[in-house]
$ cat work_25.txt   # compact mmCIF, C-alpha atoms and all ligand atoms
# COMPACT_ATOMS: atom_id res chain seq x y z
CA MET A 1 -2.14 -48.64 -93.49
CA GLN A 2 -2.03 -46.96 -96.87
CA ILE A 3 -1.79 -43.25 -97.63
CA GLY A 4 -1.90 -42.93 -101.39
CA PRO A 5 1.01 -45.02 -102.62
CA LEU A 6 2.62 -45.06 -99.20
CA THR A 7 2.44 -48.19 -97.05
CA LEU A 8 2.94 -47.63 -93.35
CA SER A 9 3.89 -50.19 -90.70
CA SER A 10 1.05 -49.12 -88.41
CA ASN A 11 -2.00 -46.87 -88.36
CA LEU A 12 -0.58 -44.80 -85.50
CA PHE A 13 0.74 -41.30 -86.12
CA LEU A 14 2.72 -38.73 -84.20
CA SER A 15 0.78 -35.46 -84.36
CA PRO A 16 2.73 -32.25 -84.92
CA LEU A 17 3.45 -30.34 -81.73
CA ALA A 18 5.31 -27.13 -82.57
CA GLY A 19 8.39 -26.86 -80.39
CA TYR A 20 8.27 -30.53 -79.41
CA THR A 21 8.12 -32.90 -82.39
CA ASN A 22 11.67 -32.16 -83.44
CA LEU A 23 14.21 -34.71 -84.72
CA PRO A 24 15.32 -35.96 -81.27
CA PHE A 25 11.77 -36.62 -80.10
CA ARG A 26 10.79 -38.33 -83.34
CA LEU A 27 13.86 -40.57 -83.06
CA VAL A 28 12.93 -41.43 -79.46
CA VAL A 29 9.39 -42.37 -80.43
CA ARG A 30 10.60 -44.45 -83.35
CA GLU A 31 13.16 -46.27 -81.20
CA VAL A 32 10.47 -47.14 -78.67
CA GLY A 33 8.37 -48.43 -81.57
CA GLY A 34 4.83 -48.72 -82.88
CA VAL A 35 4.50 -45.43 -84.74
CA GLY A 36 3.65 -45.61 -88.45
CA LEU A 37 4.41 -42.03 -89.51
CA CYS A 38 5.82 -38.98 -87.76
CA THR A 39 5.19 -35.39 -88.76
CA THR A 40 7.40 -32.37 -88.19
CA ASP A 41 6.29 -29.20 -86.39
CA LEU A 42 4.49 -26.84 -88.71
CA VAL A 43 6.87 -25.09 -91.09
CA ASN A 44 6.20 -21.76 -92.75
CA ALA A 45 6.26 -22.36 -96.51
CA ARG A 46 7.69 -18.95 -97.27
CA SER A 47 10.50 -19.37 -94.75
CA LEU A 48 11.52 -22.58 -96.50
CA LEU A 49 11.58 -20.84 -99.84
CA GLU A 50 13.63 -18.03 -98.35
CA LYS A 51 16.02 -20.73 -97.11
CA ARG A 52 15.78 -19.59 -93.51
CA GLU A 53 17.95 -21.60 -91.18
CA LYS A 54 15.17 -22.00 -88.63
CA ALA A 55 12.83 -23.54 -91.19
CA PHE A 56 15.50 -25.98 -92.34
CA LYS A 57 16.25 -26.94 -88.75
CA LEU A 58 12.58 -27.91 -88.43
CA ILE A 59 12.83 -30.33 -91.34
CA GLU A 60 16.24 -31.70 -90.35
CA THR A 61 16.10 -35.46 -90.58
CA ARG A 62 18.24 -38.59 -90.92
CA PRO A 63 17.67 -42.11 -92.27
CA ALA A 64 16.44 -43.44 -88.91
CA ASP A 65 13.76 -40.70 -88.92
CA SER A 66 11.71 -42.30 -91.65
CA PRO A 67 8.94 -42.31 -92.78
CA LEU A 68 8.53 -38.59 -92.22
CA ALA A 69 5.86 -36.10 -93.25
CA VAL A 70 6.56 -32.37 -93.18
CA GLN A 71 3.71 -30.09 -92.22
CA LEU A 72 3.52 -26.81 -94.13
CA PHE A 73 1.44 -23.76 -93.51
CA GLY A 74 0.81 -20.82 -95.74
CA SER A 75 -1.98 -19.43 -97.85
CA VAL A 76 -0.24 -18.45 -101.07
CA ALA A 77 -0.79 -21.29 -103.53
CA GLU A 78 2.49 -20.84 -105.42
CA GLU A 79 4.51 -20.75 -102.20
CA MET A 80 2.83 -23.86 -100.86
CA ARG A 81 3.49 -25.66 -104.14
CA ASP A 82 7.15 -24.68 -104.26
CA ALA A 83 7.65 -25.48 -100.60
CA ALA A 84 6.11 -28.92 -101.20
CA LEU A 85 8.74 -29.47 -103.88
CA VAL A 86 11.48 -28.52 -101.41
CA VAL A 87 10.04 -30.94 -98.85
CA GLU A 88 9.88 -33.73 -101.40
CA ALA A 89 13.47 -33.15 -102.50
CA HIS A 90 14.46 -33.24 -98.84
CA GLY A 91 13.28 -36.85 -98.53
CA ALA A 92 9.86 -36.50 -96.86
CA VAL A 93 7.42 -39.24 -97.84
CA ALA A 94 4.37 -36.98 -97.44
CA VAL A 95 3.51 -33.33 -97.08
CA ASP A 96 0.80 -32.27 -94.68
CA ILE A 97 -1.09 -28.98 -94.86
CA ASN A 98 -1.93 -27.20 -91.63
CA MET A 99 -5.52 -26.13 -92.04
CA GLY A 100 -6.15 -25.17 -88.43
CA CYS A 101 -9.62 -23.92 -89.05
CA PRO A 102 -9.38 -22.55 -92.58
CA VAL A 103 -12.95 -21.34 -92.84
CA LYS A 104 -12.62 -18.75 -90.09
CA LYS A 105 -13.19 -15.76 -92.33
CA VAL A 106 -16.10 -17.45 -93.99
CA VAL A 107 -17.85 -18.51 -90.83
CA LYS A 108 -17.42 -15.03 -89.42
CA ILE A 109 -19.31 -13.48 -92.30
CA GLY A 110 -22.00 -16.10 -92.35
CA GLY A 111 -20.97 -18.90 -94.68
CA GLY A 112 -23.14 -19.56 -97.70
CA SER A 113 -21.65 -18.76 -101.05
CA ALA A 114 -18.65 -17.15 -99.42
CA MET A 115 -17.85 -20.50 -97.88
CA MET A 116 -17.81 -22.11 -101.30
CA THR A 117 -15.47 -19.38 -102.49
CA GLU A 118 -13.13 -20.15 -99.64
CA LEU A 119 -13.38 -23.88 -100.21
CA ASP A 120 -12.65 -23.30 -103.88
CA LYS A 121 -9.59 -21.27 -103.02
CA THR A 122 -8.34 -23.93 -100.61
CA ALA A 123 -9.04 -26.69 -103.12
CA ALA A 124 -7.13 -24.79 -105.80
CA LEU A 125 -4.13 -24.43 -103.48
CA VAL A 126 -4.23 -28.15 -102.74
CA ARG A 127 -4.58 -29.07 -106.42
CA GLY A 128 -1.46 -27.07 -107.20
CA MET A 129 0.51 -28.97 -104.59
CA VAL A 130 -0.86 -32.38 -105.58
CA LYS A 131 0.02 -31.74 -109.21
CA ALA A 132 3.56 -30.60 -108.38
CA VAL A 133 4.78 -33.47 -106.18
CA LYS A 134 4.79 -37.25 -106.39
CA ILE A 135 4.48 -37.77 -102.63
CA PRO A 136 1.00 -37.79 -101.07
CA VAL A 137 -0.43 -34.52 -99.83
CA THR A 138 -2.50 -34.72 -96.61
CA ALA A 139 -4.43 -32.14 -94.60
CA LYS A 140 -4.96 -31.58 -90.89
CA MET A 141 -7.97 -29.72 -89.54
CA ARG A 142 -10.32 -29.23 -86.62
CA LEU A 143 -14.04 -30.01 -86.74
CA GLY A 144 -14.91 -26.40 -87.51
CA TRP A 145 -15.31 -23.03 -85.89
CA ASP A 146 -17.85 -23.96 -83.22
CA ASP A 147 -20.58 -26.51 -82.62
CA ASP A 148 -22.92 -24.67 -84.97
CA ASN A 149 -20.35 -24.64 -87.74
CA LEU A 150 -18.91 -28.14 -88.08
CA THR A 151 -17.47 -27.60 -91.52
CA ALA A 152 -14.84 -30.36 -91.52
CA PRO A 153 -16.98 -32.92 -93.44
CA ASP A 154 -17.56 -30.48 -96.33
CA LEU A 155 -13.96 -29.41 -96.33
CA ALA A 156 -12.72 -33.02 -96.24
CA ARG A 157 -14.90 -33.94 -99.21
CA ALA A 158 -13.69 -30.93 -101.21
CA LEU A 159 -10.09 -31.76 -100.36
CA GLU A 160 -10.52 -35.37 -101.42
CA ASP A 161 -11.80 -34.15 -104.78
CA ALA A 162 -8.74 -31.92 -105.00
CA GLY A 163 -6.46 -34.93 -104.54
CA VAL A 164 -5.62 -35.06 -100.85
CA ALA A 165 -4.54 -38.58 -99.83
CA ALA A 166 -5.61 -38.51 -96.16
CA ILE A 167 -7.30 -36.24 -93.63
CA PHE A 168 -6.22 -35.76 -90.02
CA VAL A 169 -8.94 -34.36 -87.84
CA HIS A 170 -8.71 -33.12 -84.27
CA GLY A 171 -12.15 -33.78 -82.80
CA ARG A 172 -12.63 -30.32 -81.33
CA THR A 173 -13.83 -27.03 -82.68
CA ARG A 174 -11.66 -23.99 -82.78
CA GLU A 175 -13.84 -22.35 -80.16
CA GLN A 176 -13.11 -25.25 -77.81
CA GLY A 177 -9.37 -24.68 -77.90
CA PHE A 178 -8.16 -27.64 -75.85
CA GLY A 179 -11.11 -27.70 -73.46
CA GLY A 180 -14.21 -29.83 -73.27
CA THR A 181 -14.59 -33.26 -74.74
CA VAL A 182 -13.28 -34.61 -78.01
CA ASN A 183 -16.29 -35.18 -80.24
CA LEU A 184 -16.09 -38.70 -81.63
CA ALA A 185 -19.37 -38.32 -83.50
CA GLY A 186 -17.89 -35.27 -85.21
CA ILE A 187 -14.88 -37.31 -86.36
CA ARG A 188 -17.25 -40.03 -87.58
CA LYS A 189 -19.04 -37.47 -89.77
CA VAL A 190 -15.74 -36.67 -91.46
CA VAL A 191 -15.10 -40.40 -91.99
CA GLN A 192 -18.53 -40.70 -93.59
CA ALA A 193 -18.07 -37.61 -95.74
CA VAL A 194 -15.08 -38.86 -97.73
CA LYS A 195 -15.28 -41.55 -100.38
CA ASN A 196 -12.00 -43.42 -100.45
CA ILE A 197 -9.27 -41.71 -98.50
CA PRO A 198 -8.36 -42.57 -94.90
CA VAL A 199 -9.38 -40.25 -92.10
CA ILE A 200 -7.12 -40.24 -89.06
CA GLY A 201 -8.71 -39.27 -85.75
CA ASN A 202 -6.94 -37.09 -83.22
CA GLY A 203 -7.47 -35.57 -79.81
CA ASP A 204 -6.87 -36.54 -76.20
CA VAL A 205 -5.63 -40.06 -76.89
CA VAL A 206 -3.56 -40.73 -73.80
CA THR A 207 -3.87 -44.50 -73.46
CA PRO A 208 -3.99 -47.52 -75.78
CA GLN A 209 -7.62 -48.07 -74.74
CA ALA A 210 -8.53 -44.54 -75.83
CA ALA A 211 -6.94 -45.14 -79.25
CA LYS A 212 -8.89 -48.36 -79.63
CA MET A 213 -12.11 -46.65 -78.66
CA MET A 214 -11.54 -43.78 -81.11
CA LEU A 215 -11.03 -46.30 -83.93
CA ALA A 216 -14.13 -48.26 -82.96
CA GLU A 217 -16.47 -45.32 -82.38
CA THR A 218 -15.52 -43.21 -85.38
CA GLY A 219 -14.55 -45.78 -88.01
CA CYS A 220 -11.37 -43.77 -88.58
CA ALA A 221 -8.52 -45.60 -90.29
CA GLY A 222 -5.85 -44.50 -87.85
CA VAL A 223 -5.15 -42.46 -84.75
CA SER A 224 -2.77 -39.56 -84.33
CA VAL A 225 -1.33 -38.80 -80.91
CA GLY A 226 0.22 -35.49 -79.84
CA ARG A 227 0.45 -34.64 -76.14
CA GLY A 228 -0.17 -38.27 -75.21
CA ALA A 229 3.11 -39.20 -76.90
CA PHE A 230 4.97 -36.58 -74.96
CA TYR A 231 3.40 -37.79 -71.78
CA ASP A 232 4.16 -41.37 -72.69
CA PRO A 233 6.41 -42.20 -75.69
CA TRP A 234 5.43 -45.88 -75.20
CA ILE A 235 1.85 -45.20 -76.22
CA PHE A 236 2.36 -46.28 -79.84
CA LYS A 237 4.07 -49.53 -78.98
CA ARG A 238 1.45 -50.45 -76.37
CA THR A 239 -1.46 -49.38 -78.60
CA LEU A 240 -0.18 -51.45 -81.50
CA HIS A 241 0.14 -54.42 -79.18
CA LEU A 242 -3.41 -53.92 -77.94
CA LEU A 243 -4.79 -53.60 -81.47
CA GLN A 244 -2.91 -56.66 -82.69
CA THR A 245 -3.43 -59.00 -79.73
CA GLY A 246 -6.31 -57.59 -77.70
CA GLU A 247 -3.99 -57.55 -74.71
CA LEU A 248 -2.80 -54.55 -72.76
CA SER A 249 0.94 -54.76 -72.14
CA PRO A 250 2.36 -53.49 -68.85
CA GLU A 251 3.51 -49.91 -68.48
CA PRO A 252 7.27 -49.41 -68.74
CA ILE A 253 9.05 -49.52 -65.41
CA PHE A 254 10.87 -46.53 -63.91
CA SER A 255 14.34 -47.58 -65.08
CA GLU A 256 13.09 -47.86 -68.67
CA ARG A 257 11.52 -44.41 -68.48
CA VAL A 258 14.81 -43.03 -67.18
CA ARG A 259 16.76 -44.82 -69.91
CA VAL A 260 14.60 -43.29 -72.65
CA MET A 261 14.69 -39.84 -71.04
CA CYS A 262 18.51 -39.98 -71.02
CA ARG A 263 18.53 -41.11 -74.63
CA HIS A 264 16.28 -38.16 -75.47
CA LEU A 265 18.73 -35.76 -73.85
CA ASP A 266 21.66 -37.35 -75.71
CA LEU A 267 19.84 -36.80 -78.99
CA MET A 268 18.96 -33.20 -78.04
CA VAL A 269 22.64 -32.52 -77.40
CA GLU A 270 23.62 -34.23 -80.66
CA VAL A 271 21.14 -32.23 -82.73
CA PHE A 272 21.12 -28.85 -80.96
CA GLY A 273 24.49 -28.78 -79.21
CA GLU A 274 25.03 -29.09 -75.44
CA GLU A 275 23.99 -25.64 -74.32
CA LEU A 276 20.82 -25.25 -76.38
CA GLY A 277 19.95 -28.94 -76.16
CA CYS A 278 20.08 -28.82 -72.35
CA ARG A 279 18.16 -25.57 -72.21
CA MET A 280 15.44 -27.05 -74.41
CA PHE A 281 15.41 -30.17 -72.27
CA ARG A 282 14.29 -28.11 -69.28
CA LYS A 283 10.71 -28.26 -70.58
CA ILE A 284 10.98 -31.87 -71.76
CA ALA A 285 12.29 -33.66 -68.66
CA PRO A 286 9.26 -32.70 -66.51
CA TRP A 287 7.03 -34.54 -69.00
CA TYR A 288 8.93 -37.76 -68.32
CA ALA A 289 8.80 -37.00 -64.61
CA LYS A 290 5.00 -36.91 -64.66
CA ARG A 291 5.22 -40.72 -64.55
CA PHE A 292 7.95 -40.99 -61.91
CA GLY A 293 5.73 -40.57 -58.85
CA PRO A 294 6.80 -37.77 -56.49
CA CYS A 295 9.01 -35.60 -58.68
CA HIS A 296 9.07 -32.03 -57.37
CA GLU A 297 12.71 -32.40 -56.29
CA PHE A 298 13.64 -33.43 -59.81
CA ASN A 299 11.58 -30.74 -61.55
CA LYS A 300 12.94 -28.01 -59.31
CA GLN A 301 16.50 -28.84 -60.34
CA VAL A 302 16.03 -29.84 -63.93
CA VAL A 303 14.49 -26.54 -65.00
CA GLN A 304 17.93 -25.04 -64.45
CA VAL A 305 19.99 -27.65 -66.22
CA HIS A 306 22.75 -26.33 -68.47
CA SER A 307 25.03 -29.28 -69.11
CA HIS A 308 24.86 -33.00 -69.78
CA ALA A 309 26.98 -33.79 -66.71
CA GLN A 310 24.81 -31.61 -64.50
CA PHE A 311 21.69 -33.41 -65.74
CA HIS A 312 23.12 -36.76 -64.68
CA GLU A 313 24.05 -35.38 -61.29
CA ILE A 314 20.47 -34.10 -60.82
CA LEU A 315 19.12 -37.46 -61.91
CA GLU A 316 21.35 -39.44 -59.53
CA ASN A 317 20.35 -37.21 -56.62
CA TYR A 318 16.72 -37.61 -57.53
CA ILE A 319 16.94 -41.40 -57.76
CA ARG A 320 18.43 -41.44 -54.24
CA TRP A 321 15.75 -39.06 -52.92
CA ARG A 322 12.96 -41.11 -54.57
CA GLN A 323 13.93 -44.22 -52.63
CA GLN A 324 11.95 -43.02 -49.62
CA PHE A 325 8.75 -43.63 -51.62
CA LEU A 326 9.60 -47.22 -52.60
CA ASP A 327 8.74 -50.59 -51.07
CA ASP A 328 11.19 -53.48 -50.56
CA HIS A 329 10.85 -54.50 -54.21
CA GLY A 330 11.71 -51.03 -55.45
CA GLU A 331 8.09 -50.29 -56.46
CA LEU A 332 6.39 -47.01 -55.64
CA LEU A 333 4.29 -47.41 -52.51
CA PRO A 334 0.62 -47.45 -53.55
CA ARG A 335 -0.16 -44.11 -51.96
CA PHE A 336 2.40 -42.41 -54.20
CA GLN A 337 1.16 -43.98 -57.41
CA GLN A 338 -0.80 -41.67 -59.66
CA ALA A 339 -4.15 -42.51 -61.19
CA PRO A 340 -3.64 -42.85 -64.93
CA LEU A 341 -4.95 -40.14 -67.24
CA VAL A 342 -8.29 -40.80 -68.91
CA ALA A 343 -9.21 -39.37 -72.32
CA SER A 344 -12.02 -36.81 -72.22
CA PHE A 345 -14.21 -39.08 -74.33
CA MET A 346 -13.71 -42.06 -72.01
CA ARG A 347 -14.57 -40.22 -68.84
CA GLU A 348 -17.30 -41.68 -66.66
CA PRO A 349 -19.94 -39.09 -65.83
CA ASP A 350 -19.31 -37.51 -62.42
CA SER A 351 -16.05 -39.38 -62.02
CA ILE A 352 -13.00 -37.97 -60.31
CA GLN A 353 -10.59 -39.53 -62.76
CA ARG A 354 -7.64 -37.44 -63.84
CA THR A 355 -8.58 -36.04 -67.21
CA HIS A 356 -6.45 -33.01 -67.59
CA ILE A 357 -3.71 -33.39 -70.13
CA PRO A 358 -1.44 -30.38 -70.03
CA VAL A 359 -1.29 -28.06 -73.00
CA PRO A 360 2.26 -26.91 -73.52
CA LYS A 361 2.71 -23.24 -74.33
CA GLY A 362 2.41 -22.08 -77.90
CA PRO A 363 0.21 -20.29 -80.43
CA VAL A 364 -2.88 -22.46 -79.95
CA GLU A 365 -4.68 -20.18 -82.41
CA VAL A 366 -3.16 -21.85 -85.46
CA TRP A 367 -3.79 -25.48 -84.49
C1 LIG B 401 2.19 -27.41 -77.98
C2 LIG B 401 1.36 -27.81 -79.14
C3 LIG B 401 1.83 -27.57 -80.42
C4 LIG B 401 1.06 -27.92 -81.54
N1 LIG B 401 1.57 -27.70 -82.80
C5 LIG B 401 0.85 -28.07 -83.88
C6 LIG B 401 1.36 -27.89 -85.19
O1 LIG B 401 2.48 -27.44 -85.40
N2 LIG B 401 0.57 -28.25 -86.24
C7 LIG B 401 -0.69 -28.78 -86.06
O2 LIG B 401 -1.35 -29.10 -87.03
N3 LIG B 401 -1.16 -29.00 -84.82
C8 LIG B 401 -0.44 -28.66 -83.74
N4 LIG B 401 -0.93 -28.90 -82.49
C9 LIG B 401 -2.17 -29.67 -82.35
C10 LIG B 401 -1.85 -31.16 -82.20
O3 LIG B 401 -1.23 -31.69 -83.35
C11 LIG B 401 -3.12 -31.98 -81.92
O4 LIG B 401 -4.02 -31.80 -82.99
C12 LIG B 401 -3.78 -31.56 -80.62
O5 LIG B 401 -2.83 -31.35 -79.61
C13 LIG B 401 -4.78 -32.64 -80.17
O6 LIG B 401 -4.16 -33.88 -80.06
P1 LIG B 401 -3.58 -34.45 -78.67
O7 LIG B 401 -4.71 -34.37 -77.68
O8 LIG B 401 -3.18 -35.87 -79.01
O9 LIG B 401 -2.44 -33.58 -78.26
C14 LIG B 401 -0.20 -28.54 -81.37
C15 LIG B 401 -0.68 -28.76 -80.07
C16 LIG B 401 0.07 -28.40 -78.97
C17 LIG B 401 -0.47 -28.68 -77.60

$ encode --input "work_25.txt" --output "structure tokens"
Amino acid sequence: MQIGPLTLSSNLFLSPLAGYTNLPFRLVVREVGGVGLCTTDLVNARSLLEKREKAFKLIETRPADSPLAVQLFGSVAEEMRDAALVVEAHGAVAVDINMGCPVKKVVKIGGGSAMMTELDKTAALVRGMVKAVKIPVTAKMRLGWDDDNLTAPDLARALEDAGVAAIFVHGRTREQGFGGTVNLAGIRKVVQAVKNIPVIGNGDVVTPQAAKMMLAETGCAGVSVGRGAFYDPWIFKRTLHLLQTGELSPEPIFSERVRVMCRHLDLMVEVFGEELGCRMFRKIAPWYAKRFGPCHEFNKQVVQVHSHAQFHEILENYIRWRQQFLDDHGELLPRFQQAPLVASFMREPDSIQRTHIPVPKGPVEVW
């Protein structure tokens, strides 16, 4: 997989999830394997230029956290350009621009020539960044404002002309939020709109099969996974295996999930300190637990965790409590096994498959 001059080991990407895709999580995903490029949470360009500690914490990295893209947001061309230079100097191999749905204003007042003005303004901002840095500049967007205003193909084409090296597109409109179905045909239109640059599809990929289907149905060059990676950090490794061999590898067993969860906590403590790291882990551990089978006992306790030692005590108690749901081989009894999640675009009509992938809290408006 190539993004401008950058060669990646796979066409699978970790999508930015503000509040979640921090250094510890990226390291976890990389250690599990299969991911080609990780992106940071979105970072305010101005905050970087003002050298705010919070912004620098968001781009904190280390050699094992490579290759890394930093996602910037901002609308002042000079600030975005200067922030891109900071990001480049910091060691990022790419800089991504958060476009959310950049044509909001335009669509609201009816498009037409105003839309071209807005596109021109966006293209000028991008050109300034592309000219300033040597690393590739990429952009992430939604399909458009609503189903009547699917502006992503036009925007993608304009951005390619301005020098963007790849486009990430979440196959939903802004109006959809995180509801409804990811529109694969909409992603395909973006793929068809650009001339040479890769388009990376995104949205609701929760299984290796869903990633494969998105690639096949849209012609996109790669797939970016957000919530699905939080739900299952093994998704990249298993997807890569499926794409390379055609075979679906088994799901990780419980002890492996626990091992990785503990590693994640260790890294949180290393990067954020014990108190904050544990506090932040209160919202992370329940994501691992979604795959443990019955887990309310664990979740009830872990949302109060305040120390590393206490976490391990909670975990040991839970492992003992969980034994009542196991058979003689230590496997979850069938009636306690959960049906796997199914991506919205793979859902059978009228099926009762589990399709809901949780949306963690945050300012959905800007994504
Ligand atoms: C909690 C949360 C935080 C997000 N933060 C960002 C962000 O910082 N930048 C961005 O471009 N998209 C952000 N997104 C959107 C995701 O990158 C992704 O496009 C979206 O979740 C769909 O992909 P998924 O179904 O694989 O999660 C966020 C989504 C969620 C749920």

$ atom_distance --input "work_25.txt" --atom1 "CA of Thr39 in chain A" --atom2 "CA of Pro250 in chain A"
27.1 Å

$ residues_near_ligand --input "work_25.txt" --ligand "ligand LIG 401 (chain B)" --cutoff "9 Å" --atoms "only C-alpha atoms and all ligand atoms" --output "number ranges by chain"
A: 14-21, 39-43, 71-73, 96-100, 139-142, 168-172, 178, 182, 202-206, 223-230, 343, 357-364, 366-367

$ atom_distance --input "work_25.txt" --atom1 "CA of Ala185 in chain A" --atom2 "CA of Gln209 in chain A"
17.6 Å

$ atom_distance --input "work_25.txt" --atom1 "CA of Arg188 in chain A" --atom2 "CA of Leu243 in chain A"
19.4 Å

$ closest_residue --input "work_25.txt" --among "A:Pro67, A:Leu85, A:Val191, A:Thr61" --to "Leu49 in chain A" --atoms "all atoms listed in the file"
A:Leu85

$ residues_around --input "work_25.txt" --residues "Tyr318 in chain A" --least-positions-apart "6" --cutoff "12 Å" --atoms "all atoms listed in the file" --output "PDB file with C-alpha atoms, in the coordinates of the input"
ATOM      1  CA  VAL A 258      14.810 -43.030 -67.180  1.00  0.00           C
ATOM      2  CA  ALA A 289       8.800 -37.000 -64.610  1.00  0.00           C
ATOM      3  CA  PHE A 292       7.950 -40.990 -61.910  1.00  0.00           C
ATOM      4  CA  GLY A 293       5.730 -40.570 -58.850  1.00  0.00           C
ATOM      5  CA  PRO A 294       6.800 -37.770 -56.490  1.00  0.00           C
ATOM      6  CA  CYS A 295       9.010 -35.600 -58.680  1.00  0.00           C
ATOM      7  CA  HIS A 296       9.070 -32.030 -57.370  1.00  0.00           C
ATOM      8  CA  GLU A 297      12.710 -32.400 -56.290  1.00  0.00           C
ATOM      9  CA  PHE A 298      13.640 -33.430 -59.810  1.00  0.00           C
ATOM     10  CA  ASN A 299      11.580 -30.740 -61.550  1.00  0.00           C
ATOM     11  CA  LYS A 300      12.940 -28.010 -59.310  1.00  0.00           C
ATOM     12  CA  GLN A 301      16.500 -28.840 -60.340  1.00  0.00           C
ATOM     13  CA  VAL A 302      16.030 -29.840 -63.930  1.00  0.00           C
ATOM     14  CA  PHE A 311      21.690 -33.410 -65.740  1.00  0.00           C
ATOM     15  CA  HIS A 312      23.120 -36.760 -64.680  1.00  0.00           C
ATOM     16  CA  GLN A 324      11.950 -43.020 -49.620  1.00  0.00           C
ATOM     17  CA  PHE A 325       8.750 -43.630 -51.620  1.00  0.00           C
TER      18      PHE A 325
END

$ closest_residue --input "work_25.txt" --among "A:Arg335, A:Arg263, A:Arg279, A:Lys195" --to "Val29 in chain A" --atoms "all atoms listed in the file"
A:Arg263

$ residues_around --input "work_25.txt" --residues "Gly330 in chain A" --least-positions-apart "2" --cutoff "12 Å" --atoms "all atoms listed in the file" --output "PDB file with C-alpha atoms, in the coordinates of the input"
ATOM      1  CA  ILE A 253       9.050 -49.520 -65.410  1.00  0.00           C
ATOM      2  CA  PHE A 254      10.870 -46.530 -63.910  1.00  0.00           C
ATOM      3  CA  SER A 255      14.340 -47.580 -65.080  1.00  0.00           C
ATOM      4  CA  ILE A 319      16.940 -41.400 -57.760  1.00  0.00           C
ATOM      5  CA  ARG A 320      18.430 -41.440 -54.240  1.00  0.00           C
ATOM      6  CA  ARG A 322      12.960 -41.110 -54.570  1.00  0.00           C
ATOM      7  CA  GLN A 323      13.930 -44.220 -52.630  1.00  0.00           C
ATOM      8  CA  GLN A 324      11.950 -43.020 -49.620  1.00  0.00           C
ATOM      9  CA  PHE A 325       8.750 -43.630 -51.620  1.00  0.00           C
ATOM     10  CA  LEU A 326       9.600 -47.220 -52.600  1.00  0.00           C
ATOM     11  CA  ASP A 327       8.740 -50.590 -51.070  1.00  0.00           C
ATOM     12  CA  ASP A 328      11.190 -53.480 -50.560  1.00  0.00           C
ATOM     13  CA  LEU A 332       6.390 -47.010 -55.640  1.00  0.00           C
ATOM     14  CA  LEU A 333       4.290 -47.410 -52.510  1.00  0.00           C
ATOM     15  CA  PRO A 334       0.620 -47.450 -53.550  1.00  0.00           C
TER      16      PRO A 334
END

$ residues_around --input "work_25.txt" --residues "Val194 in chain A" --least-positions-apart "6" --cutoff "9 Å" --atoms "only C-alpha atoms" --output "compact mmCIF listing (two decimals) with C-alpha atoms, keeping the file's coordinate frame"
# COMPACT_ATOMS: atom_id res chain seq x y z
CA PRO A 153 -16.98 -32.92 -93.44
CA ASP A 154 -17.56 -30.48 -96.33
CA ALA A 156 -12.72 -33.02 -96.24
CA ARG A 157 -14.90 -33.94 -99.21
CA ALA A 158 -13.69 -30.93 -101.21
CA GLU A 160 -10.52 -35.37 -101.42

$ residues_around --input "work_25.txt" --residues "Leu215 in chain A" --least-positions-apart "6" --cutoff "9 Å" --atoms "all atoms listed in the file" --output "list in words"
Ile200, Gly201, Ala221, Gly222 and Val223 of chain A

$ closest_residue --input "work_25.txt" --among "A:Thr207, A:Ala69, A:Arg46, A:Pro233" --to "His264 in chain A" --atoms "all atoms listed in the file"
A:Pro233
